[in-house]
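These notes are about the structure you will find just below.
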Amino acid sequence: MKRLNYFLLPILLLMASCSDDEVVSEQPDDNNPPQETVLDVVFSEIKYQGAKDLIEIYNRGDEAADLNDYWLCLGPGAYQKIGELTPESGNIVIPAKSFLVVSYNLDDAKGGLGLYKTNQFTDSDAIVDFVQYGEAGSARENVAAAAGIWTAGEFVPVVQSEDNSIIYDGEGNGKSNWDETTEVTFGAENVLKEPVAEVRSVVINEVNYADSKKIELWNNGNVTVDLSEYWLCLGPGKYIQIKDASVVSGSMQLNAGDYLVVTWDDLSNSAGLGLYATNQFTSSEAIRDFVQWGAAGSARENVAAAAGIWTAGDFIAEVKTAQNTIIYDGEGNGLENWAETTEATFGSENVLKEPEAVKSIVINEVNYSDSKQIEIWNNGDVDVDISNYWLCLGPGKYLQLKNATVISGSTQLNASEFLVVSWDDLSDSAGLGLYETNQFTSSEAIKDFVQWGAAGSARENVAAAAGIWTAGDFVPVVSQASYSIAYDGEGDASSDWNEDATPSFGTGNAQ
């Protein structure tokens, strides 16, 4: 007879009481799979030059972000687990809307920095953020591009100063969302203060060529420039290195905003002055500035035109008095940027005080023996209606210009232009007066006078009283009837008149 094992009996009874349908096993819920915690963290500010490289990460999410298992990666062999770094500020577990700042060695010139949630550095699912500076093509650029957080080939330009950082604007994913700033704010909200680009610029700023022969150079850039090796040039054989020039004021180590004033006796009433960085005077790359006055066509005009700093054919009109200067307005490169001033300010900021407009009409050329022509010249700088002006040889010999026979020009006489009329009353010995009114004995009404052939003509005393002729003075009779007498534009005496074998009525006289 077999013996019953009473010890096993309770277990057997329990097993018998459970059917197969009642076995419970834990099954996954396909409708509610486990969710991976997604952190919303980004690079916010990077400083890669200077004494310490810094990286700022911002948690823009609504919950704390634990970055202990996150990584920084520049490329193969250049990576760092964030949890192993000591924060410069903030915590590795970043509170919502807060910053973490860490130090990590970055290249001064180029790099592509990735933020990863795992150390799978070639996996586009692992990379969280990316920024590239200096040049394209860094090791993790393709990973960031595959993740859609960077555009291949783009990079943020290298900072202009080691004191500056690059900052994220919080908007998107690309180069356009990063800027250089001069205000570093690690651990706080970014502030964009764009750096001012370095500008190296020195210009000719003021010139007196008729009297003191001074030249003022102005550093209108934002960096100091050593001018000692620069040159001034007027043309072949006329040049001077600035270190050899006579300095009136200022320093050749010309700080931004400062002036250097030198003198150069070679300046004349008609010239083109070039400022050069080297003595390659025909090189458009060497010329730095240029100004031309008195006439066009100076020796270095073409060089300045090729450099795009002057227009060929342009020139500043000759100053009205020798003490006046020509000054630059600081705006561009052309005739319109220069003006004559009566207030010289060498060594300080220019002051424009325009000379008063000059109303001046003169007798400029006369043929009294043949063509009987008279040329009247507006040598002022304002247009003048001379239709009511008069010519007078003496009592009973006068002619109002609106009634004269006009050969060329107009009685509406513009500045620098000529009116040519004919008058048969001219003879080989006479004194010709030009009057604003028909008050022929008035020294206030007479405007110009010339006497030829002999002294003592009827209006000589009026001209002498007006200070525009010397009593007893006269221009000799011309040697041939076809010749004219021509004014040199300089003064009020017979010595300012010359016999001209090739009359030039309607144009400027030969000097």
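We label chains A, B, ... in the order they appear in the structure tokens, count residues from 1 in each chain, and number ligands from 1 in the order shown.
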For this session: Could you give me, as a list in words, each residue of segment 126-303 of chain A that DSSP assigns to alpha helix (DSSP H) when run on this structure's backbone?
Result: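 Alpha helix (DSSP H) assignments inside segment 126-303 of chain A correspond to Glu141, Asn142, Val143, Ala144, Ala145, Ala146, Glu301, Asn302 and Val303 of chain A.
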For segment 64-81 of chain A, find every residue with an atom within 7 Å (counting only C-alpha atoms), except residues of its own chain fewer than 5 positions away, and show them as a PDB file with N, CA and C atoms, in the first residue's frame.
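Output file part-v3.pdb follows:
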ATOM      1  N   LEU A  39      13.639  66.906 -24.182  1.00  0.00           N
ATOM      2  CA  LEU A  39      14.080  68.158 -23.602  1.00  0.00           C
ATOM      3  C   LEU A  39      14.207  69.218 -24.692  1.00  0.00           C
ATOM      4  N   ASN A  59      17.562  76.159 -21.498  1.00  0.00           N
ATOM      5  CA  ASN A  59      16.395  75.274 -21.418  1.00  0.00           C
ATOM      6  C   ASN A  59      15.162  76.128 -21.659  1.00  0.00           C
ATOM      7  N   ILE A  92      23.766  71.504 -13.992  1.00  0.00           N
ATOM      8  CA  ILE A  92      23.653  70.503 -15.064  1.00  0.00           C
ATOM      9  C   ILE A  92      22.188  70.122 -15.260  1.00  0.00           C
ATOM     10  N   VAL A  93      21.436  70.086 -14.191  1.00  0.00           N
ATOM     11  CA  VAL A  93      19.980  69.950 -14.312  1.00  0.00           C
ATOM     12  C   VAL A  93      19.435  71.379 -14.398  1.00  0.00           C
ATOM     13  N   ILE A  94      19.088  71.783 -15.619  1.00  0.00           N
ATOM     14  CA  ILE A  94      18.751  73.190 -15.861  1.00  0.00           C
ATOM     15  C   ILE A  94      17.271  73.412 -15.567  1.00  0.00           C
ATOM     16  N   PRO A  95      16.932  74.321 -14.654  1.00  0.00           N
ATOM     17  CA  PRO A  95      15.517  74.643 -14.446  1.00  0.00           C
ATOM     18  C   PRO A  95      14.898  75.207 -15.730  1.00  0.00           C
ATOM     19  N   ALA A  96      13.583  75.151 -15.799  1.00  0.00           N
ATOM     20  CA  ALA A  96      12.871  75.698 -16.962  1.00  0.00           C
ATOM     21  C   ALA A  96      13.228  77.170 -17.161  1.00  0.00           C
ATOM     22  N   GLY A 111      34.901  75.723 -36.460  1.00  0.00           N
ATOM     23  CA  GLY A 111      34.398  74.578 -35.721  1.00  0.00           C
ATOM     24  C   GLY A 111      32.926  74.364 -35.967  1.00  0.00           C
ATOM     25  N   GLY A 112      32.498  73.143 -35.719  1.00  0.00           N
ATOM     26  CA  GLY A 112      31.085  72.806 -35.759  1.00  0.00           C
ATOM     27  C   GLY A 112      30.751  72.080 -34.475  1.00  0.00           C
ATOM     28  N   LEU A 113      29.962  72.671 -33.612  1.00  0.00           N
ATOM     29  CA  LEU A 113      29.680  72.133 -32.284  1.00  0.00           C
ATOM     30  C   LEU A 113      28.283  71.555 -32.238  1.00  0.00           C
ATOM     31  N   GLY A 114      28.223  70.273 -31.860  1.00  0.00           N
ATOM     32  CA  GLY A 114      26.934  69.606 -31.742  1.00  0.00           C
ATOM     33  C   GLY A 114      26.577  69.315 -30.295  1.00  0.00           C
ATOM     34  N   LEU A 115      25.283  69.394 -29.975  1.00  0.00           N
ATOM     35  CA  LEU A 115      24.741  69.010 -28.679  1.00  0.00           C
ATOM     36  C   LEU A 115      23.959  67.714 -28.883  1.00  0.00           C
ATOM     37  N   TYR A 116      24.344  66.660 -28.141  1.00  0.00           N
ATOM     38  CA  TYR A 116      23.774  65.318 -28.351  1.00  0.00           C
ATOM     39  C   TYR A 116      23.137  64.803 -27.064  1.00  0.00           C
ATOM     40  N   LYS A 117      22.057  63.993 -27.226  1.00  0.00           N
ATOM     41  CA  LYS A 117      21.429  63.357 -26.065  1.00  0.00           C
ATOM     42  C   LYS A 117      22.012  61.979 -25.786  1.00  0.00           C
ATOM     43  N   THR A 118      22.783  61.448 -26.731  1.00  0.00           N
ATOM     44  CA  THR A 118      23.560  60.226 -26.519  1.00  0.00           C
ATOM     45  C   THR A 118      24.914  60.421 -27.168  1.00  0.00           C
ATOM     46  N   ASN A 119      25.782  59.438 -27.026  1.00  0.00           N
ATOM     47  CA  ASN A 119      27.094  59.530 -27.663  1.00  0.00           C
ATOM     48  C   ASN A 119      27.118  58.846 -29.034  1.00  0.00           C
ATOM     49  N   ALA A 139      33.066  68.279 -39.020  1.00  0.00           N
ATOM     50  CA  ALA A 139      32.816  66.830 -38.993  1.00  0.00           C
ATOM     51  C   ALA A 139      31.354  66.464 -38.801  1.00  0.00           C
ATOM     52  N   ARG A 140      30.609  67.249 -38.024  1.00  0.00           N
ATOM     53  CA  ARG A 140      29.210  66.880 -37.740  1.00  0.00           C
ATOM     54  C   ARG A 140      28.200  67.721 -38.518  1.00  0.00           C
TER      55      ARG A 140
END
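Compared by their closest atoms to Glu194 of chain A, and using only C-alpha atoms, the residues A:Ser161, A:Ser98, A:Glu206, A:Gln292 rank with A:Ser161 nearest.
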